[in-house]
Every structure is written in structure tokens, then in C-alpha cells.
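*Asks:* Starting off with a structure, shown below.
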Amino acid sequence: MILREVIAHAEQRAQLSSQKHGELQYVVAASRGWSRSDLLIRLDLPADADIQVFVEHAAQQLADGYPAEYLTGYAAFCDIVVRVREGVLVPRPETESLVQMAGDFIIEQDRPRAIALDLCSGSGAVALALAARLPQVAVVGLELDPISVSCSRESALDVGLSERVRFVQGNVLAAWGLALADFSSRTDVIVSNPPYVREQRLFPAYASSPIEPVRALYGGTSGMVFYKRIIAQACDWLRPGGLLLLEIDDGLEQGILNLFERYGLQGGRWSPDLRGLPRYAEARRAE
Ligand SMILES: C[S@@+](CC[C@H](N)C(=O)[O-])C[C@H]1O[C@@H](n2cnc3c(N)ncnc32)[C@H](O)[C@@H]1O
């Protein structure tokens, strides 16, 4: 059988939704190190037994809800690629805007040697992409999950950024200052995409990606647990004029602006994602 037929049969047997058909081809190509044009050529060549077994298994995993990135072990984010595996949230396209906004702030404010803190750093995508964009910036990522911390450290080595980007294991909801005790300097930017899915929205979020860790999504009954903690401590960690930048869920924006005000942050505002929904919130420490 040629590869195209092997893939089509596997998709059928696993009852893979048509939406995921392209994903199986992508997984096969990525796992073999093939480019798109390699794949196009090989689709019409006979497939050996090894690849047939691989395709069957991969189709079943995709049908069971495994993200394609868990099968390849990598996720593309901004201009870099980071490692991901089961237990680590696959970074989402909308999160790339945090890197853009944090980078723009550092450039506009002329702080080329800025220090940034990425709270709930997960795969390390935000921290690493920011450091990749700005060659003198140093970033510290703080993350609770040990698998995510290992992955992010491996990615830092892969992309040659381990000198400027460090990942620390620690709990943002506890005294996170302790986890960062040897990181004495204040920061120019705090960026965070914390768990923010509220109870009401947890089931749909889980159903759309059942294998990814719920711990990475759930932000408490109201979705605000992490924001309260982060915003309450932000002024202690930011340099004068420093930026706090958050990814948020729609419907939480007013509560977050209120918290900015309560904890003395200035210029609080939210901005929308490409669908027009409130997705980012930012404020600054007074000069
Ligand atoms: C929405 S994910 C974001 C991951 C990454 N920053 C990104 O944008 O792809 C939230 C992350 O927070 C981590 N997390 C959950 N509870 C935490 C806690 N108490 N302290 C630190 N990190 C936590 C999760 O493990 C997960 O990696």
C-alpha cells in the first residue's frame, strides 16, 4: 500500500474527524523529519511495515484527543520551537501576543537589558520567545509542574538561551518570593498566562482537549485565583514604571482592572484578541 492509502485507512479505522486529517499527515512528516515536499513525494510511495504501525497508533492517539504536538514532541511558538509532552500545556497562538507586547514595551522604554519574570511559565514558550526576540533581555520563569519545568529547561538548551533564561520550580499561589530568593533584582516586566478557566467553562475546555492537564487551565470558581495573587504582589517585584502583562479570559476584565486599582497599579487597560474578545490586560507600577 502507498502511504496515502495507509493514512486514509488509519483515519477511517480511528474515526478521526475530518478536522484532524491534516494533523495525521503533519505528525507522520514531523516524526520522520520530512519537509512538506518530502511528504508530498512519499505519499505516493509504498509504506513499510514500521510506518504502517506508527500511522495506526498515531491516528488512534489523535482520535483519543492527544494534541498533535504531544505526538511530535514539539510546538511552534513565535519564531521558536519548544518541547512539549504529556503534562505540559501546548502554547496557544493567542499567547504569542504577550511576547509582542512585552517586547514592544522593552523597546519603547529603551530598557535593552531588561529583566522579565514569566509566572506560570509552562513549556517556557513565552520566556524563551521573548529572550529570542531581544538579545540582551534576561528572563526567569516560575512554574509549579516539574515536567513543564524540565521541558522548558531542555528547550532553553535547544535554542541556545539557557544563559539568559532560567526556569525555577515554585508555587505562584504560595510565597513565590522564596522560590526566587536568589533572584534579587526587581523586574522591568512581569508577564503571565496563568490558569484562568472558571468553573462554569471548565467542562467545555476539558472536552476540547481532554489529555492536557486541567491544572494548567483551572483558575478557581471565578477564574480569578491566580490574578488576585499575582496582582497583589506585582508592585513588590516591578521596578518603577515596570509593566504587568496578563493573558485573561473574557468576562474577567473588569475584575482585573479593579484589582489593578486596588493594588496601586496605574494605567490599567485590557485589549482584545483576533476574535474581538478581551484577552490581555496590562498596568504599570508608578514611576
Ligand atoms: C495556562 S498555562 C500557561 C503556560 C504557558 N505560560 C503558556 O502560555 O503556554 C498555566 C500554567 O500554570 C501552571 N501552574 C498551575 N498552578 C500553578 C501554581 N500554583 N504555581 C505556578 N504555576 C502553576 C500550570 O502547570 C501551567 O503550566
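By order of appearance in the C-alpha cells: chains A, B, ..., then residues from 1 within every chain, and ligands from 1 in the order shown.
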I want to know what sits within 7 Å of segment 227-237 of chain A, based on only C-alpha atoms, with residues of the same chain fewer than 5 positions away left out; could you give that as a list in words?
*Replies:* Leu173, Arg186, Thr187, Leu259, Phe260, Tyr263 and Arg285 of chain A
*Asks:* Could those selected residues go to a file with N, CA and C atoms, as a PDB file, in the first residue's frame?
*Replies:*
```pdb
ATOM      1  N   LEU A 173       0.924  30.548  43.957  1.00  0.00           N
ATOM      2  CA  LEU A 173      -0.114  30.809  44.967  1.00  0.00           C
ATOM      3  C   LEU A 173       0.457  30.815  46.385  1.00  0.00           C
ATOM      4  N   ARG A 186      14.832  43.521  40.958  1.00  0.00           N
ATOM      5  CA  ARG A 186      13.439  43.749  40.544  1.00  0.00           C
ATOM      6  C   ARG A 186      13.343  43.618  39.027  1.00  0.00           C
ATOM      7  N   THR A 187      12.117  43.518  38.546  1.00  0.00           N
ATOM      8  CA  THR A 187      11.946  43.232  37.120  1.00  0.00           C
ATOM      9  C   THR A 187      11.333  44.424  36.384  1.00  0.00           C
ATOM     10  N   LEU A 259      -8.713  45.109  40.404  1.00  0.00           N
ATOM     11  CA  LEU A 259      -7.566  44.666  41.210  1.00  0.00           C
ATOM     12  C   LEU A 259      -6.338  45.534  40.945  1.00  0.00           C
ATOM     13  N   PHE A 260      -6.137  45.940  39.695  1.00  0.00           N
ATOM     14  CA  PHE A 260      -5.007  46.841  39.382  1.00  0.00           C
ATOM     15  C   PHE A 260      -5.110  48.087  40.263  1.00  0.00           C
ATOM     16  N   TYR A 263      -4.482  47.533  44.041  1.00  0.00           N
ATOM     17  CA  TYR A 263      -3.094  47.294  44.447  1.00  0.00           C
ATOM     18  C   TYR A 263      -2.125  48.349  43.908  1.00  0.00           C
ATOM     19  N   ARG A 285       3.595  49.911  37.247  1.00  0.00           N
ATOM     20  CA  ARG A 285       3.921  50.466  38.558  1.00  0.00           C
ATOM     21  C   ARG A 285       4.266  51.937  38.351  1.00  0.00           C
TER      22      ARG A 285
END
```
*Asks:* Counting only C-alpha atoms, what is within 10 Å of Gln15 of chain A, bar same-chain residues fewer than 2 positions away, as an mmCIF file with N, CA, C and O atoms, in the first residue's frame?
*Replies:*
```cif
data_model
loop_
_atom_site.group_PDB
_atom_site.id
_atom_site.type_symbol
_atom_site.label_atom_id
_atom_site.label_comp_id
_atom_site.auth_asym_id
_atom_site.auth_seq_id
_atom_site.Cartn_x
_atom_site.Cartn_y
_atom_site.Cartn_z
ATOM 1 N N HIS A 9 -6.745 4.780 5.499
ATOM 2 C CA HIS A 9 -7.351 3.654 6.227
ATOM 3 C C HIS A 9 -7.280 3.879 7.739
ATOM 4 O O HIS A 9 -8.237 3.608 8.464
ATOM 5 N N ALA A 10 -6.126 4.361 8.190
ATOM 6 C CA ALA A 10 -5.959 4.591 9.632
ATOM 7 C C ALA A 10 -6.946 5.654 10.117
ATOM 8 O O ALA A 10 -7.552 5.525 11.193
ATOM 9 N N GLU A 11 -7.130 6.681 9.320
ATOM 10 C CA GLU A 11 -8.078 7.749 9.700
ATOM 11 C C GLU A 11 -9.491 7.189 9.817
ATOM 12 O O GLU A 11 -10.229 7.526 10.740
ATOM 13 N N GLN A 12 -9.807 6.306 8.887
ATOM 14 C CA GLN A 12 -11.145 5.702 8.892
ATOM 15 C C GLN A 12 -11.346 4.810 10.103
ATOM 16 O O GLN A 12 -12.343 4.914 10.809
ATOM 17 N N ARG A 13 -10.339 3.932 10.350
ATOM 18 C CA ARG A 13 -10.462 2.982 11.478
ATOM 19 C C ARG A 13 -10.568 3.718 12.813
ATOM 20 O O ARG A 13 -11.318 3.322 13.687
ATOM 21 N N SER A 17 -11.883 12.762 13.070
ATOM 22 C CA SER A 17 -12.713 13.810 12.466
ATOM 23 C C SER A 17 -11.952 14.447 11.306
ATOM 24 O O SER A 17 -10.712 14.504 11.314
ATOM 25 N N SER A 18 -12.705 14.954 10.315
ATOM 26 C CA SER A 18 -12.055 15.485 9.112
ATOM 27 C C SER A 18 -11.115 16.642 9.482
ATOM 28 O O SER A 18 -10.086 16.862 8.854
ATOM 29 N N ALA A 59 -2.920 7.711 14.633
ATOM 30 C CA ALA A 59 -4.322 8.043 14.316
ATOM 31 C C ALA A 59 -5.194 7.803 15.544
ATOM 32 O O ALA A 59 -6.067 8.613 15.876
ATOM 33 N N GLN A 60 -4.927 6.695 16.247
ATOM 34 C CA GLN A 60 -5.720 6.389 17.440
ATOM 35 C C GLN A 60 -5.494 7.435 18.528
ATOM 36 O O GLN A 60 -6.429 7.899 19.194
ATOM 37 N N LEU A 62 -4.583 10.568 18.152
ATOM 38 C CA LEU A 62 -5.259 11.826 17.777
ATOM 39 C C LEU A 62 -6.760 11.705 18.032
ATOM 40 O O LEU A 62 -7.393 12.637 18.545
ATOM 41 N N ALA A 63 -7.320 10.530 17.707
ATOM 42 C CA ALA A 63 -8.762 10.328 17.929
ATOM 43 C C ALA A 63 -9.089 10.359 19.420
ATOM 44 O O ALA A 63 -10.171 10.791 19.821
#
```
*Asks:* Kindly indicate which residue among A:Val159, A:Ala49, A:Ala286, A:Ala174 lies nearest to ligand 1, using only C-alpha atoms and all ligand atoms for the distances.
*Replies:*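 Residue with the minimum atom-to-atom distance to ligand 1: A:Ala174.
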*Asks:* Give me the residues near segment 188-193 of chain A as a PyMOL selection string, where near means some atom within 6 Å (using only C-alpha atoms) and where sequence neighbours in that chain fewer than 3 positions away do not count.
*Replies:* chain A and resi 114-119+238-239+242-247
*Asks:* Do you know which residues are at most 10 Å from segment 144-150 of chain A counting only C-alpha atoms, after dropping those on the same chain fewer than 3 positions away, and could you put them as a PDB file with N, CA and C atoms, in the first residue's frame?
*Replies:*
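This went into result_20.pdb:
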```pdb
ATOM      1  N   ARG A  83       9.801  22.273  23.344  1.00  0.00           N
ATOM      2  CA  ARG A  83       9.417  20.880  23.603  1.00  0.00           C
ATOM      3  C   ARG A  83       8.117  20.836  24.398  1.00  0.00           C
ATOM      4  N   VAL A  84       7.288  19.867  24.090  1.00  0.00           N
ATOM      5  CA  VAL A  84       6.094  19.613  24.907  1.00  0.00           C
ATOM      6  C   VAL A  84       5.915  18.097  25.011  1.00  0.00           C
ATOM      7  N   ARG A  85       5.352  17.665  26.111  1.00  0.00           N
ATOM      8  CA  ARG A  85       4.958  16.264  26.236  1.00  0.00           C
ATOM      9  C   ARG A  85       3.790  16.193  27.206  1.00  0.00           C
ATOM     10  N   GLU A  86       3.247  15.009  27.380  1.00  0.00           N
ATOM     11  CA  GLU A  86       2.056  14.888  28.215  1.00  0.00           C
ATOM     12  C   GLU A  86       2.321  15.526  29.579  1.00  0.00           C
ATOM     13  N   GLY A  87       1.381  16.339  30.042  1.00  0.00           N
ATOM     14  CA  GLY A  87       1.558  17.039  31.320  1.00  0.00           C
ATOM     15  C   GLY A  87       1.878  18.513  31.111  1.00  0.00           C
ATOM     16  N   VAL A  88       2.266  18.870  29.883  1.00  0.00           N
ATOM     17  CA  VAL A  88       2.661  20.259  29.598  1.00  0.00           C
ATOM     18  C   VAL A  88       1.620  20.883  28.669  1.00  0.00           C
ATOM     19  N   LEU A  89       1.151  22.077  29.002  1.00  0.00           N
ATOM     20  CA  LEU A  89       0.178  22.724  28.118  1.00  0.00           C
ATOM     21  C   LEU A  89       0.847  23.131  26.798  1.00  0.00           C
ATOM     22  N   LEU A 119       5.417  34.271  35.018  1.00  0.00           N
ATOM     23  CA  LEU A 119       4.794  33.467  36.066  1.00  0.00           C
ATOM     24  C   LEU A 119       3.878  32.426  35.434  1.00  0.00           C
ATOM     25  N   CYS A 120       3.960  31.182  35.916  1.00  0.00           N
ATOM     26  CA  CYS A 120       3.227  30.045  35.337  1.00  0.00           C
ATOM     27  C   CYS A 120       3.760  29.790  33.932  1.00  0.00           C
ATOM     28  N   SER A 121       5.047  29.544  33.841  1.00  0.00           N
ATOM     29  CA  SER A 121       5.735  29.566  32.547  1.00  0.00           C
ATOM     30  C   SER A 121       5.500  28.330  31.687  1.00  0.00           C
ATOM     31  N   GLY A 122       4.956  27.251  32.225  1.00  0.00           N
ATOM     32  CA  GLY A 122       4.582  26.079  31.429  1.00  0.00           C
ATOM     33  C   GLY A 122       5.723  25.556  30.580  1.00  0.00           C
ATOM     34  N   SER A 123       5.504  25.464  29.276  1.00  0.00           N
ATOM     35  CA  SER A 123       6.534  24.966  28.346  1.00  0.00           C
ATOM     36  C   SER A 123       7.726  25.912  28.245  1.00  0.00           C
ATOM     37  N   GLY A 124       7.573  27.130  28.774  1.00  0.00           N
ATOM     38  CA  GLY A 124       8.650  28.122  28.680  1.00  0.00           C
ATOM     39  C   GLY A 124       8.570  28.942  27.403  1.00  0.00           C
ATOM     40  N   GLY A 141      11.514  32.143  34.550  1.00  0.00           N
ATOM     41  CA  GLY A 141      10.180  31.539  34.505  1.00  0.00           C
ATOM     42  C   GLY A 141       9.921  30.799  35.808  1.00  0.00           C
ATOM     43  N   ARG A 153      13.449  23.747  30.453  1.00  0.00           N
ATOM     44  CA  ARG A 153      14.918  23.814  30.549  1.00  0.00           C
ATOM     45  C   ARG A 153      15.563  23.143  29.330  1.00  0.00           C
ATOM     46  N   GLU A 154      14.974  22.049  28.874  1.00  0.00           N
ATOM     47  CA  GLU A 154      15.505  21.376  27.670  1.00  0.00           C
ATOM     48  C   GLU A 154      15.384  22.302  26.455  1.00  0.00           C
ATOM     49  N   SER A 155      14.229  22.985  26.366  1.00  0.00           N
ATOM     50  CA  SER A 155      14.038  23.893  25.225  1.00  0.00           C
ATOM     51  C   SER A 155      15.039  25.048  25.274  1.00  0.00           C
ATOM     52  N   ALA A 156      15.319  25.527  26.491  1.00  0.00           N
ATOM     53  CA  ALA A 156      16.285  26.635  26.621  1.00  0.00           C
ATOM     54  C   ALA A 156      17.636  26.196  26.064  1.00  0.00           C
ATOM     55  N   ARG A 166      16.151  31.330  32.788  1.00  0.00           N
ATOM     56  CA  ARG A 166      16.199  30.302  33.836  1.00  0.00           C
ATOM     57  C   ARG A 166      14.794  29.908  34.217  1.00  0.00           C
ATOM     58  N   PHE A 167      14.598  28.649  34.535  1.00  0.00           N
ATOM     59  CA  PHE A 167      13.279  28.206  34.983  1.00  0.00           C
ATOM     60  C   PHE A 167      13.398  27.648  36.396  1.00  0.00           C
ATOM     61  N   VAL A 168      12.492  28.119  37.258  1.00  0.00           N
ATOM     62  CA  VAL A 168      12.512  27.756  38.664  1.00  0.00           C
ATOM     63  C   VAL A 168      11.196  27.058  38.976  1.00  0.00           C
ATOM     64  N   GLN A 169      11.271  25.998  39.772  1.00  0.00           N
ATOM     65  CA  GLN A 169      10.025  25.346  40.167  1.00  0.00           C
ATOM     66  C   GLN A 169       9.498  26.017  41.432  1.00  0.00           C
ATOM     67  N   GLY A 170       8.247  26.461  41.395  1.00  0.00           N
ATOM     68  CA  GLY A 170       7.686  27.113  42.570  1.00  0.00           C
ATOM     69  C   GLY A 170       6.204  27.380  42.376  1.00  0.00           C
ATOM     70  N   ASN A 171       5.558  27.699  43.498  1.00  0.00           N
ATOM     71  CA  ASN A 171       4.102  27.859  43.511  1.00  0.00           C
ATOM     72  C   ASN A 171       3.731  29.340  43.554  1.00  0.00           C
ATOM     73  N   VAL A 172       3.093  29.801  42.510  1.00  0.00           N
ATOM     74  CA  VAL A 172       2.695  31.212  42.438  1.00  0.00           C
ATOM     75  C   VAL A 172       1.664  31.551  43.514  1.00  0.00           C
ATOM     76  N   LEU A 173       0.924  30.548  43.957  1.00  0.00           N
ATOM     77  CA  LEU A 173      -0.114  30.809  44.967  1.00  0.00           C
ATOM     78  C   LEU A 173       0.457  30.815  46.385  1.00  0.00           C
ATOM     79  N   ARG A 215      -4.853  21.193  35.542  1.00  0.00           N
ATOM     80  CA  ARG A 215      -4.159  22.133  36.437  1.00  0.00           C
ATOM     81  C   ARG A 215      -3.671  23.373  35.680  1.00  0.00           C
ATOM     82  N   ALA A 216      -3.429  23.198  34.389  1.00  0.00           N
ATOM     83  CA  ALA A 216      -2.938  24.337  33.600  1.00  0.00           C
ATOM     84  C   ALA A 216      -4.063  25.290  33.224  1.00  0.00           C
TER      85      ALA A 216
END
```
